[in-house]
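Structure data follow from start-v3.csv (CSV, C-alpha atoms and all ligand atoms):
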chain,number,residue,atom,x,y,z
A,280,MET,CA,-106.9,16.3,-44.7
A,281,PHE,CA,-105.3,13.0,-44.0
A,282,ASP,CA,-104.5,10.5,-46.8
A,283,LEU,CA,-107.0,7.7,-46.8
A,284,PRO,CA,-105.9,4.3,-45.5
A,285,ALA,CA,-106.1,3.0,-49.1
A,286,ARG,CA,-103.0,5.0,-50.0
A,287,GLU,CA,-101.0,3.6,-47.2
A,288,SER,CA,-98.1,1.5,-48.5
A,289,LEU,CA,-96.0,0.4,-45.6
A,290,PRO,CA,-92.9,-1.6,-46.6
A,291,PRO,CA,-93.1,-5.3,-46.0
A,292,GLN,CA,-91.5,-6.6,-42.8
A,293,GLY,CA,-87.8,-6.9,-43.1
A,294,ALA,CA,-87.5,-4.5,-46.0
A,295,CYS,CA,-86.6,-1.6,-43.6
A,296,ALA,CA,-82.9,-0.8,-44.0
A,297,GLU,CA,-82.7,1.3,-40.9
A,298,PRO,CA,-79.6,0.6,-38.7
A,299,PRO,CA,-80.2,-0.3,-35.0
A,300,LEU,CA,-80.7,2.8,-32.9
A,301,HIS,CA,-77.8,2.2,-30.6
A,302,PRO,CA,-74.9,-0.1,-31.0
A,303,SER,CA,-74.6,-2.7,-28.3
A,304,GLU,CA,-71.8,-0.8,-26.5
A,305,THR,CA,-74.6,1.2,-24.7
A,306,ALA,CA,-74.6,-1.0,-21.6
A,307,GLY,CA,-77.9,-2.7,-20.9
A,308,VAL,CA,-79.8,-0.6,-23.4
A,309,SER,CA,-80.4,-1.7,-27.0
A,310,ALA,CA,-83.2,-1.7,-29.5
A,311,SER,CA,-82.5,-5.1,-31.0
A,312,PRO,CA,-84.8,-6.5,-33.7
A,313,SER,CA,-86.5,-8.8,-31.2
A,314,ALA,CA,-87.1,-5.8,-28.9
A,315,GLU,CA,-88.5,-3.9,-31.9
A,316,ALA,CA,-91.0,-6.7,-32.5
A,317,ALA,CA,-92.3,-6.1,-29.0
A,318,LEU,CA,-92.5,-2.3,-29.2
A,319,PRO,CA,-94.9,-1.1,-26.6
A,320,SER,CA,-98.3,0.3,-27.7
A,321,LEU,CA,-98.6,4.0,-27.0
A,322,ARG,CA,-101.1,6.2,-25.2
A,323,VAL,CA,-101.8,8.9,-27.8
A,324,LEU,CA,-103.5,12.2,-27.0
A,325,VAL,CA,-105.0,13.7,-30.2
A,326,VAL,CA,-105.8,17.4,-29.9
A,327,ASP,CA,-107.7,18.8,-32.8
A,328,ASP,CA,-110.8,21.0,-33.1
A,329,GLN,CA,-112.0,19.1,-36.2
A,330,ALA,CA,-114.3,16.3,-35.1
A,331,SER,CA,-113.9,14.3,-38.4
A,332,LEU,CA,-110.1,14.3,-38.1
A,333,ARG,CA,-110.2,13.3,-34.5
A,334,ALA,CA,-112.5,10.4,-35.4
A,335,LEU,CA,-110.3,9.3,-38.3
A,336,LEU,CA,-107.1,9.4,-36.3
A,337,LYS,CA,-108.7,7.5,-33.4
A,338,ALA,CA,-109.9,4.8,-35.8
A,339,GLN,CA,-106.5,4.4,-37.5
A,340,LEU,CA,-104.3,4.6,-34.4
A,341,SER,CA,-106.6,2.2,-32.5
A,342,ALA,CA,-106.4,-0.2,-35.4
A,343,ALA,CA,-102.6,0.0,-35.1
A,344,GLY,CA,-102.8,-1.0,-31.4
A,345,HIS,CA,-102.5,2.3,-29.7
A,346,GLU,CA,-104.7,3.7,-27.0
A,347,VAL,CA,-106.2,7.0,-28.1
A,348,THR,CA,-107.6,9.9,-26.1
A,349,LEU,CA,-109.2,12.9,-27.8
A,350,ALA,CA,-109.3,16.5,-26.9
A,351,ASP,CA,-111.1,19.2,-29.0
A,352,GLY,CA,-109.2,22.3,-27.6
A,353,GLY,CA,-106.5,23.6,-25.4
A,354,ALA,CA,-108.2,23.4,-22.0
A,355,GLN,CA,-109.4,19.9,-22.6
A,356,ALA,CA,-106.0,18.9,-23.8
A,357,LEU,CA,-104.3,20.1,-20.6
A,358,ASP,CA,-106.9,18.2,-18.5
A,359,ALA,CA,-106.5,15.0,-20.5
A,360,PHE,CA,-102.7,15.3,-20.4
A,361,LYS,CA,-102.7,15.5,-16.6
A,362,ARG,CA,-105.2,12.7,-16.3
A,363,TYR,CA,-104.1,10.2,-18.9
A,364,ARG,CA,-100.4,10.9,-19.0
A,365,PRO,CA,-100.0,10.0,-22.7
A,366,ASP,CA,-96.8,8.8,-24.3
A,367,VAL,CA,-97.2,11.1,-27.3
A,368,VAL,CA,-99.3,14.1,-28.2
A,369,LEU,CA,-100.5,14.8,-31.7
A,370,LEU,CA,-101.3,18.5,-31.6
A,371,ASP,CA,-103.2,20.7,-34.1
A,372,VAL,CA,-101.9,24.3,-34.4
A,373,HIS,CA,-104.8,26.3,-35.5
A,374,MET,CA,-107.6,26.0,-32.9
A,375,PRO,CA,-110.0,28.5,-31.4
A,376,VAL,CA,-109.3,30.1,-28.0
A,377,HIS,CA,-105.9,28.5,-27.5
A,378,ASP,CA,-103.7,27.5,-30.4
A,379,GLY,CA,-101.4,24.5,-30.4
A,380,TYR,CA,-98.3,26.6,-29.6
A,381,TRP,CA,-99.9,27.8,-26.4
A,382,VAL,CA,-100.9,24.2,-25.5
A,383,ALA,CA,-97.4,22.9,-26.2
A,384,ALA,CA,-95.8,25.6,-24.0
A,385,ARG,CA,-98.3,24.7,-21.1
A,386,LEU,CA,-97.6,21.0,-21.5
A,387,ARG,CA,-93.9,21.6,-21.2
A,388,GLU,CA,-94.5,23.6,-18.0
A,389,ILE,CA,-96.4,20.7,-16.5
A,390,GLU,CA,-93.6,18.3,-17.5
A,391,GLN,CA,-91.0,20.5,-16.0
A,392,GLU,CA,-92.7,20.1,-12.7
A,393,ARG,CA,-92.9,16.4,-13.1
A,394,GLY,CA,-89.3,16.0,-14.5
A,395,ALA,CA,-90.7,14.1,-17.5
A,396,TRP,CA,-90.7,14.4,-21.2
A,397,THR,CA,-93.5,13.4,-23.6
A,398,PRO,CA,-93.0,13.9,-27.3
A,399,ILE,CA,-95.3,16.4,-29.0
A,400,ILE,CA,-95.9,16.2,-32.8
A,401,PHE,CA,-97.6,19.1,-34.4
A,402,LEU,CA,-100.0,18.3,-37.2
A,403,SER,CA,-100.7,21.6,-39.0
A,404,ALA,CA,-101.8,23.1,-42.3
A,405,LEU,CA,-99.5,26.0,-41.7
A,406,GLY,CA,-96.5,25.0,-43.7
A,407,GLN,CA,-94.1,27.9,-43.7
A,408,ASP,CA,-90.6,27.5,-42.2
A,409,HIS,CA,-91.3,30.0,-39.5
A,410,ASP,CA,-94.5,28.0,-38.5
A,411,LEU,CA,-92.3,24.9,-37.9
A,412,GLN,CA,-89.7,27.0,-36.2
A,413,LYS,CA,-92.3,28.4,-33.8
A,414,GLY,CA,-93.7,24.9,-33.1
A,415,ILE,CA,-90.3,23.5,-32.2
A,416,ALA,CA,-89.5,26.7,-30.1
A,417,CYS,CA,-92.8,26.2,-28.1
A,418,GLY,CA,-91.8,22.7,-27.1
A,419,GLY,CA,-92.8,20.5,-30.1
A,420,ASP,CA,-90.5,17.6,-31.1
A,421,ASP,CA,-91.7,17.2,-34.7
A,422,TYR,CA,-93.9,19.1,-37.1
A,423,LEU,CA,-95.9,17.4,-39.9
A,424,ILE,CA,-97.7,19.4,-42.5
A,425,LYS,CA,-101.3,18.5,-43.3
A,426,PRO,CA,-102.4,16.6,-45.3
A,427,VAL,CA,-100.3,14.1,-43.5
A,428,SER,CA,-99.8,10.6,-45.0
A,429,LEU,CA,-100.8,7.9,-42.6
A,430,VAL,CA,-97.7,6.0,-43.5
A,431,VAL,CA,-95.6,9.0,-42.4
A,432,LEU,CA,-97.6,9.4,-39.2
A,433,LYS,CA,-97.3,5.7,-38.3
A,434,SER,CA,-93.6,5.8,-39.0
A,435,LYS,CA,-93.2,8.8,-36.7
A,436,LEU,CA,-95.1,6.9,-34.0
A,437,ARG,CA,-93.0,3.9,-34.5
A,438,ALA,CA,-89.9,6.0,-33.9
A,439,MET,CA,-91.6,7.3,-30.7
A,440,GLN,CA,-92.3,3.7,-29.6
A,441,ARG,CA,-88.6,3.0,-29.9
A,442,ILE,CA,-87.7,6.1,-27.9
A,443,ARG,CA,-90.2,5.1,-25.3
A,444,LEU,CA,-88.8,1.6,-25.1
A,445,LEU,CA,-85.2,2.9,-24.7
A,446,GLN,CA,-86.5,5.5,-22.2
A,447,GLY,CA,-88.0,2.7,-20.1
A,448,GLN,CA,-84.8,0.7,-20.4
A,449,LEU,CA,-82.7,3.7,-19.4
A,450,LEU,CA,-84.9,4.3,-16.4
A,451,THR,CA,-84.5,0.7,-15.3
A,452,VAL,CA,-80.7,0.9,-15.7
A,453,SER,CA,-80.5,4.3,-13.9
A,454,ASP,CA,-82.7,2.8,-11.1
A,455,GLU,CA,-80.4,-0.1,-10.8
A,456,LEU,CA,-77.4,2.2,-10.8
A,457,ARG,CA,-79.0,4.4,-8.1
A,458,ARG,CA,-79.6,1.3,-5.9
A,459,SER,CA,-76.0,0.0,-6.5
A,460,ASN,CA,-74.6,3.4,-5.6
A,461,ALA,CA,-76.6,3.5,-2.4
A,462,LYS,CA,-75.4,0.0,-1.6
A,463,LEU,CA,-71.8,1.0,-2.4
A,464,LEU,CA,-72.1,4.1,-0.3
A,465,ARG,CA,-73.5,2.1,2.7
A,466,LEU,CA,-70.7,-0.5,2.3
A,467,SER,CA,-68.0,2.2,2.2
A,468,MET,CA,-69.4,3.6,5.5
A,469,GLU,CA,-70.1,0.4,7.4
A,470,ASP,CA,-68.0,-2.3,9.0
A,471,GLY,CA,-68.8,-5.5,7.3
A,472,LEU,CA,-68.6,-7.7,10.4
A,473,THR,CA,-70.6,-5.8,12.9
A,474,GLY,CA,-72.7,-3.4,10.8
A,475,LEU,CA,-71.5,-0.5,12.9
A,476,VAL,CA,-70.1,2.5,11.0
A,477,ASN,CA,-66.4,2.2,10.2
A,478,ARG,CA,-63.4,4.2,11.0
A,479,ARG,CA,-63.8,6.5,8.0
A,480,THR,CA,-67.3,7.4,9.0
A,481,LEU,CA,-66.3,7.9,12.6
A,482,ASP,CA,-63.5,10.4,11.5
A,483,GLU,CA,-66.0,12.4,9.4
A,484,ARG,CA,-68.6,12.5,12.1
A,485,LEU,CA,-66.0,13.4,14.8
A,486,ARG,CA,-64.8,16.3,12.6
A,487,HIS,CA,-68.4,17.5,12.3
A,488,GLU,CA,-69.2,17.2,16.0
A,489,VAL,CA,-66.1,19.0,17.1
A,490,LEU,CA,-67.2,22.0,15.0
A,491,GLU,CA,-70.7,21.7,16.5
A,492,VAL,CA,-69.2,22.1,20.0
A,493,GLN,CA,-68.1,25.6,19.1
A,494,ARG,CA,-71.3,26.4,17.3
A,495,THR,CA,-73.8,25.2,19.9
A,496,GLY,CA,-71.7,25.5,23.0
A,497,ARG,CA,-72.6,21.9,24.0
A,498,PRO,CA,-70.0,19.4,25.2
A,499,LEU,CA,-69.0,16.4,23.2
A,500,SER,CA,-67.9,13.1,24.8
A,501,LEU,CA,-65.8,10.4,23.2
A,502,LEU,CA,-65.2,6.9,24.5
A,503,LEU,CA,-62.8,4.3,23.2
A,504,CYS,CA,-63.6,0.8,24.3
A,505,ASP,CA,-61.5,-2.4,23.9
A,506,ILE,CA,-62.5,-6.0,24.7
A,507,ASP,CA,-60.3,-7.4,27.4
A,508,HIS,CA,-58.1,-10.3,26.6
A,509,PHE,CA,-59.7,-10.9,23.3
A,510,LYS,CA,-56.8,-12.8,22.0
A,511,ASN,CA,-57.4,-15.4,24.7
A,512,TYR,CA,-61.1,-15.5,23.6
A,513,ASN,CA,-60.2,-16.3,20.0
A,514,ASP,CA,-57.5,-18.8,21.1
A,515,THR,CA,-59.9,-20.6,23.4
A,516,LEU,CA,-63.2,-20.5,21.5
A,517,GLY,CA,-62.0,-20.0,17.9
A,518,HIS,CA,-62.1,-17.2,15.5
A,519,GLN,CA,-65.7,-17.6,14.5
A,520,ALA,CA,-66.9,-17.4,18.1
A,521,GLY,CA,-64.6,-14.3,18.3
A,522,ASP,CA,-66.5,-12.8,15.4
A,523,GLU,CA,-69.8,-13.5,17.0
A,524,CYS,CA,-68.6,-11.9,20.2
A,525,LEU,CA,-67.6,-8.8,18.3
A,526,ARG,CA,-71.1,-8.7,16.7
A,527,GLN,CA,-72.7,-9.1,20.1
A,528,VAL,CA,-70.7,-6.4,21.8
A,529,ALA,CA,-71.6,-4.1,18.8
A,530,ARG,CA,-75.3,-4.9,19.5
A,531,TYR,CA,-74.9,-3.9,23.2
A,532,LEU,CA,-73.2,-0.7,22.2
A,533,LEU,CA,-75.9,0.1,19.6
A,534,THR,CA,-78.7,-0.5,22.1
A,535,SER,CA,-76.8,1.7,24.6
A,536,CYS,CA,-76.9,4.6,22.2
A,537,LEU,CA,-80.3,6.0,23.2
A,538,ARG,CA,-80.1,9.4,21.5
A,539,PRO,CA,-80.5,9.7,17.8
A,540,ASN,CA,-77.2,11.5,17.5
A,541,ASP,CA,-75.2,9.0,19.5
A,542,LEU,CA,-72.8,7.1,17.3
A,543,ALA,CA,-71.2,3.6,17.8
A,544,ALA,CA,-68.3,2.8,15.5
A,545,ARG,CA,-65.9,-0.1,15.1
A,546,TYR,CA,-62.6,1.6,15.6
A,547,GLY,CA,-60.3,-1.3,14.9
A,548,GLY,CA,-60.0,-5.1,15.5
A,549,GLU,CA,-61.6,-5.4,18.9
A,550,GLU,CA,-61.9,-1.7,19.6
A,551,PHE,CA,-65.0,0.4,19.5
A,552,ALA,CA,-65.7,4.2,19.6
A,553,LEU,CA,-68.7,6.0,20.9
A,554,VAL,CA,-69.4,9.6,20.0
A,555,LEU,CA,-71.9,11.2,22.4
A,556,PRO,CA,-72.8,14.7,21.3
A,557,ASN,CA,-74.3,17.1,23.9
A,558,THR,CA,-73.0,14.9,26.7
A,559,PRO,CA,-70.9,16.3,29.6
A,560,HIS,CA,-68.1,14.3,31.1
A,561,GLY,CA,-70.2,13.1,34.1
A,562,GLY,CA,-72.8,11.8,31.7
A,563,ALA,CA,-70.2,10.0,29.6
A,564,LEU,CA,-68.8,8.3,32.7
A,565,ALA,CA,-72.3,7.3,33.8
A,566,TRP,CA,-72.8,5.9,30.2
A,567,ALA,CA,-69.6,3.8,30.5
A,568,HIS,CA,-70.7,2.6,34.0
A,569,ALA,CA,-74.1,1.5,32.6
A,570,LEU,CA,-72.3,-0.3,29.7
A,571,ARG,CA,-70.1,-2.1,32.2
A,572,LYS,CA,-73.1,-3.2,34.1
A,573,THR,CA,-74.9,-4.4,30.9
A,574,LEU,CA,-71.9,-6.6,30.1
A,575,ALA,CA,-71.8,-8.0,33.7
A,576,ASP,CA,-75.5,-8.9,33.5
A,577,THR,CA,-75.4,-10.6,30.1
A,578,PRO,CA,-74.4,-14.2,29.5
A,579,LEU,CA,-71.5,-13.4,27.1
A,580,GLU,CA,-69.0,-15.8,28.7
A,581,HIS,CA,-65.2,-15.3,28.4
A,582,PRO,CA,-63.8,-18.6,29.9
A,583,ALA,CA,-60.2,-17.5,29.2
A,584,SER,CA,-60.4,-14.1,30.9
A,585,PRO,CA,-58.4,-13.6,34.1
A,586,VAL,CA,-60.6,-10.5,34.8
A,587,ALA,CA,-64.1,-11.9,34.9
A,588,PRO,CA,-66.1,-14.9,33.8
A,589,HIS,CA,-67.8,-12.8,31.1
A,590,VAL,CA,-66.6,-10.5,28.4
A,591,THR,CA,-65.5,-7.1,29.7
A,592,LEU,CA,-64.4,-3.8,28.2
A,593,SER,CA,-61.9,-1.2,29.1
A,594,CYS,CA,-62.9,2.3,28.2
A,595,GLY,CA,-61.1,5.6,27.9
A,596,VAL,CA,-63.4,8.6,28.2
A,597,THR,CA,-62.8,12.2,27.2
A,598,THR,CA,-65.0,15.3,26.7
A,599,LEU,CA,-64.6,18.5,24.7
A,600,ARG,CA,-66.2,21.5,26.2
A,601,ALA,CA,-67.1,24.7,24.3
A,602,ASP,CA,-64.4,26.7,26.3
A,603,GLN,CA,-61.7,24.3,25.0
A,604,SER,CA,-60.4,23.8,21.6
A,605,ALA,CA,-59.1,20.4,20.3
A,606,SER,CA,-58.8,18.7,17.0
A,607,PRO,CA,-60.6,15.3,16.4
A,608,GLU,CA,-57.1,13.7,16.4
A,609,LEU,CA,-56.3,15.2,19.8
A,610,LEU,CA,-59.6,13.9,21.2
A,611,LEU,CA,-58.9,10.4,19.9
A,612,GLN,CA,-55.4,10.6,21.3
A,613,ARG,CA,-56.7,11.5,24.8
A,614,ALA,CA,-59.3,8.8,24.7
A,615,ASP,CA,-56.7,6.3,23.6
A,616,GLU,CA,-54.3,7.3,26.5
A,617,ALA,CA,-57.2,7.0,28.9
A,618,LEU,CA,-58.0,3.5,27.5
A,619,TYR,CA,-54.3,2.6,28.0
A,620,HIS,CA,-54.6,3.7,31.7
A,621,ALA,CA,-57.8,1.6,32.1
A,622,LYS,CA,-55.9,-1.4,30.8
A,623,GLU,CA,-52.9,-0.7,33.0
A,624,LEU,CA,-55.1,-0.4,36.1
A,625,GLY,CA,-56.4,-3.9,35.6
A,626,ARG,CA,-59.0,-3.8,32.8
A,627,ASN,CA,-62.8,-4.1,33.1
A,628,ARG,CA,-63.0,-0.3,34.0
A,629,TYR,CA,-63.3,3.1,32.5
A,630,TYR,CA,-60.8,5.9,32.9
A,631,SER,CA,-61.3,9.6,32.5
A,632,ALA,CA,-58.8,11.5,30.5
A,633,ASP,CA,-60.1,14.8,31.8
A,634,LEU,CA,-60.7,14.6,35.6
A,635,GLN,CA,-57.3,15.6,36.9
A,636,ARG,CA,-56.1,17.6,33.9
A,637,ASP,CA,-59.1,19.9,33.8
A,638,GLY,CA,-59.5,20.0,37.5
A,639,LEU,CA,-63.0,18.6,37.1
A,640,THR,CA,-64.9,17.5,40.1
A,641,LEU,CA,-67.7,14.9,40.1
A,642,GLY,CA,-70.4,14.3,42.7
A,643,GLU,CA,-69.8,11.6,45.3
A,644,GLN,CA,-72.1,9.2,43.5
A,645,GLU,CA,-70.3,9.6,40.3
A,646,LEU,CA,-66.9,9.2,41.9
A,647,ALA,CA,-68.1,6.0,43.6
A,648,ARG,CA,-68.9,4.7,40.1
A,649,PHE,CA,-65.5,5.6,38.8
A,650,ASP,CA,-63.5,2.4,39.2
B,701,LIG,N1,-62.4,-13.0,15.7
B,701,LIG,C1,-61.8,-11.9,15.5
B,701,LIG,N2,-60.7,-11.5,16.1
B,701,LIG,C2,-60.2,-10.3,15.8
B,701,LIG,C3,-60.7,-9.4,14.9
B,701,LIG,N3,-60.0,-8.3,14.8
B,701,LIG,C4,-59.0,-8.5,15.7
B,701,LIG,N4,-59.1,-9.7,16.4
B,701,LIG,C5,-58.3,-10.2,17.3
B,701,LIG,O1,-58.3,-9.5,18.5
B,701,LIG,C6,-57.1,-9.8,19.3
B,701,LIG,C7,-56.5,-8.6,19.9
B,701,LIG,O2,-55.5,-9.0,20.7
B,701,LIG,P1,-54.6,-8.0,21.6
B,701,LIG,O3,-54.4,-6.7,20.8
B,701,LIG,O4,-53.4,-8.7,22.1
B,701,LIG,O5,-55.6,-7.6,22.8
B,701,LIG,P2,-56.3,-8.5,23.9
B,701,LIG,O6,-56.0,-9.9,23.8
B,701,LIG,O7,-57.7,-8.1,23.9
B,701,LIG,O8,-55.6,-7.9,25.2
B,701,LIG,P3,-56.0,-6.6,26.0
B,701,LIG,O9,-56.6,-5.7,25.0
B,701,LIG,O10,-54.7,-6.1,26.5
B,701,LIG,O11,-56.9,-6.9,27.0
B,701,LIG,C8,-56.1,-10.4,18.3
B,701,LIG,O12,-56.0,-11.8,18.6
B,701,LIG,C9,-56.8,-10.3,16.9
B,701,LIG,O13,-56.6,-11.4,16.0
B,701,LIG,C10,-61.9,-9.9,14.2
B,701,LIG,O14,-62.4,-9.2,13.3
B,701,LIG,N5,-62.4,-11.1,14.5
Represent the structure contained in this file as structure tokens.
Amino acid sequence: MFDLPARESLPPQGACAEPPLHPSETAGVSASPSAEAALPSLRVLVVDDQASLRALLKAQLSAAGHEVTLADGGAQALDAFKRYRPDVVLLDVHMPVHDGYWVAARLREIEQERGAWTPIIFLSALGQDHDLQKGIACGGDDYLIKPVSLVVLKSKLRAMQRIRLLQGQLLTVSDELRRSNAKLLRLSMEDGLTGLVNRRTLDERLRHEVLEVQRTGRPLSLLLCDIDHFKNYNDTLGHQAGDECLRQVARYLLTSCLRPNDLAARYGGEEFALVLPNTPHGGALAWAHALRKTLADTPLEHPASPVAPHVTLSCGVTTLRADQSASPELLLQRADEALYHAKELGRNRYYSADLQRDGLTLGEQELARFD
């Protein structure tokens, strides 16, 4: 039996001497008095086989502003729980077919799958210590012995409201934290000016791809490209135009990366790196040739270049085959040496680090492209 509403004697507003739930050092999460005033109403699932009690609870809790759903037994409770997703469950223990302990255990299983937590309060006439112990062990959060004072029940629900409010705030904070972390991670991987990946990400990826060569037996090509006479560009057109030029070259490189695993990175100031997995040396040279043509065909003027009227690149190309072994550092060094040769030979060209050293031969067409 529940106490009748007439016996209810809630303290007047403001007479409650409870301290705030959390001091304000809990960043972004607090249950201040103003927040308390706006405590959210709850979706309450009442599970009891006694119709009169269900009706009484529904009337009282609805009057207190809560939304109440009723279930008269275990199976109906599980169904209502899945469908209505209540904020709190008031659960009778002694019921035919399935008792409240069984229901609580099933509810916890459902919640485990969802990664959620809904408070369960047992309302039971069984008042022994071991009854309470069993209820909590089965997944209950509180255990009230019938007859339950409505004042006590309302106070318990008020506590649940606070928890729900804090839970919502915590979810918001952790959501913001997740978004900030994702942004930070992206920033730590990207070059701010061009949006390409940065040197750190390049190093990680290169390390991974070098291992992949041994695992898959597929060759890996690396290109280092440097804008020719870029100092002249800056000096003539200004630093901002220089920045825009870097962005534009980055876009060309990105659009030239046709395969999902190709990677374009900003290697340094006006230097870029291209990682081309599963690409033999001839393919990498053809890639460099196509890039050179793209730049020649685009209206990216370089009025201060002695090489061409447009922006040009010099590229060093190297390839790691499965029958070779090399560290990522050695690959970068080879590509850098090849880039140096491309500059020395007059710029606006690509140079192979591997052709002579590895005794590679290319087809006539490929050699014709090799400036
Ligand atoms: N606008 C701009 N310029 C940059 C940036 N990073 C590096 N630079 C400039 O790039 C220029 C590189 O100059 P150098 O290393 O002499 O190379 P270069 O003039 O391209 O000559 P070569 O490479 O030999 O053809 C310097 O003037 C740098 O200030 C950047 O983020 N923005």
**Asked** Looking at only C-alpha atoms, which of A:Leu537, A:Ala359, A:Ala565, A:Leu490 is the one that sits closest to Ser604 of chain A?
**Response**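 Looking at the shortest contact to Ser604 of chain A, the residue is A:Leu490.
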**Message:** To check your reading of the model: which residues sit at most 8 Å from ligand LIG 701 (chain B) when counting all atoms listed in the file? Write the answer as a ChimeraX atom specification.
**Reply:** /A:472,505-514,517-525,547-549,593,622,626
**Residue nearest Leu321 of chain A among A:Ser500, A:Gln440, A:Thr473, A:Ser341 (counting all atoms listed in the file)** = A:Gln440
**Message:** Report, in Å with one decimal, the straight-line distance from atom CA of Pro539 of chain A to atom CA of Ser606 of chain A.
**Reply:**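 It comes out at 23.5 Å.
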**Complete:** Among A:Leu332, A:Ala621, A:Leu481, A:Val596, Arg545 of chain A is approached most closely, using only C-alpha atoms, by A:Leu481
**Prompt:** With distances taken over all atoms listed in the file, which of A:Asp378, A:Asp371, A:Asp328, A:Asp482 is nearest to Ile400 of chain A?
**Reply:**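 Using all atoms listed in the file, the shortest distance to Ile400 of chain A belongs to A:Asp371.
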Test item: residues at most 9 Å from segment 474-477 of chain A, only C-alpha atoms, excluding those fewer than 2 positions along its chain, as a PDB file with C-alpha atoms, in the frame of the given file:
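Listing of around-v4.pdb after writing:
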ATOM      1  CA  ARG A 465     -73.500   2.100   2.700  1.00  0.00           C
ATOM      2  CA  SER A 467     -68.000   2.200   2.200  1.00  0.00           C
ATOM      3  CA  MET A 468     -69.400   3.600   5.500  1.00  0.00           C
ATOM      4  CA  GLU A 469     -70.100   0.400   7.400  1.00  0.00           C
ATOM      5  CA  ASP A 470     -68.000  -2.300   9.000  1.00  0.00           C
ATOM      6  CA  GLY A 471     -68.800  -5.500   7.300  1.00  0.00           C
ATOM      7  CA  LEU A 472     -68.600  -7.700  10.400  1.00  0.00           C
ATOM      8  CA  ARG A 479     -63.800   6.500   8.000  1.00  0.00           C
ATOM      9  CA  THR A 480     -67.300   7.400   9.000  1.00  0.00           C
ATOM     10  CA  LEU A 481     -66.300   7.900  12.600  1.00  0.00           C
ATOM     11  CA  ASP A 482     -63.500  10.400  11.500  1.00  0.00           C
ATOM     12  CA  ARG A 526     -71.100  -8.700  16.700  1.00  0.00           C
ATOM     13  CA  ALA A 529     -71.600  -4.100  18.800  1.00  0.00           C
ATOM     14  CA  ARG A 530     -75.300  -4.900  19.500  1.00  0.00           C
ATOM     15  CA  LEU A 533     -75.900   0.100  19.600  1.00  0.00           C
ATOM     16  CA  LEU A 542     -72.800   7.100  17.300  1.00  0.00           C
ATOM     17  CA  ALA A 543     -71.200   3.600  17.800  1.00  0.00           C
ATOM     18  CA  ALA A 544     -68.300   2.800  15.500  1.00  0.00           C
ATOM     19  CA  ARG A 545     -65.900  -0.100  15.100  1.00  0.00           C
ATOM     20  CA  TYR A 546     -62.600   1.600  15.600  1.00  0.00           C
ATOM     21  CA  GLY A 547     -60.300  -1.300  14.900  1.00  0.00           C
TER      22      GLY A 547
END
**Prompt:** Given the choices A:Thr598, A:Ser320, A:Gln603, A:Thr397, which gets closest to Leu503 of chain A if the distance is worked out from all atoms listed in the file?
**Reply:**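 The closest residue to Leu503 of chain A is A:Thr598.
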**Asked** Residues at most 10 Å from Leu336 of chain A, counting all atoms listed in the file, excluding those fewer than 3 positions away in the same chain, as a ChimeraX atom specification?
**Response** /A:281,325,331-333,339-342,347,349,369,429,432
**Message:** Quick one: residues within 12 Å of Ala356 of chain A, only C-alpha atoms, excluding same-chain residues fewer than 6 positions away - as a PyMOL selection string?
**Reply:** chain A and resi 323-328+348-350+362-365+368-371+374+377-379+381-383+385-386
**Item:** Gap from atom CA of Gly562 of chain A to atom CA of Ala614 of chain A - Å, one decimal
**Value:**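 It comes out at 15.5 Å.
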Incomplete segment 391-399 of chain A filled out to N, CA and C atoms as a CSV table (one decimal), keeping the file's coordinate frame:
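Below is the file out29.csv, written as the result:
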chain,number,residue,atom,x,y,z
A,391,GLN,N,-92.1,20.0,-16.8
A,391,GLN,CA,-91.0,20.5,-16.0
A,391,GLN,C,-91.1,20.2,-14.5
A,392,GLU,N,-92.4,20.4,-14.1
A,392,GLU,CA,-92.7,20.1,-12.7
A,392,GLU,C,-92.5,18.6,-12.4
A,393,ARG,N,-92.9,17.8,-13.3
A,393,ARG,CA,-92.9,16.4,-13.1
A,393,ARG,C,-91.5,15.8,-13.4
A,394,GLY,N,-90.6,16.5,-14.1
A,394,GLY,CA,-89.3,16.0,-14.5
A,394,GLY,C,-89.5,15.0,-15.5
A,395,ALA,N,-90.5,15.1,-16.4
A,395,ALA,CA,-90.7,14.1,-17.5
A,395,ALA,C,-90.6,14.7,-18.8
A,396,TRP,N,-90.7,13.9,-19.8
A,396,TRP,CA,-90.7,14.4,-21.2
A,396,TRP,C,-91.6,13.5,-22.0
A,397,THR,N,-92.6,14.1,-22.7
A,397,THR,CA,-93.5,13.4,-23.6
A,397,THR,C,-93.4,14.1,-25.0
A,398,PRO,N,-93.2,13.3,-26.0
A,398,PRO,CA,-93.0,13.9,-27.3
A,398,PRO,C,-94.3,14.5,-27.8
A,399,ILE,N,-94.1,15.7,-28.4
A,399,ILE,CA,-95.3,16.4,-29.0
A,399,ILE,C,-95.0,16.5,-30.5
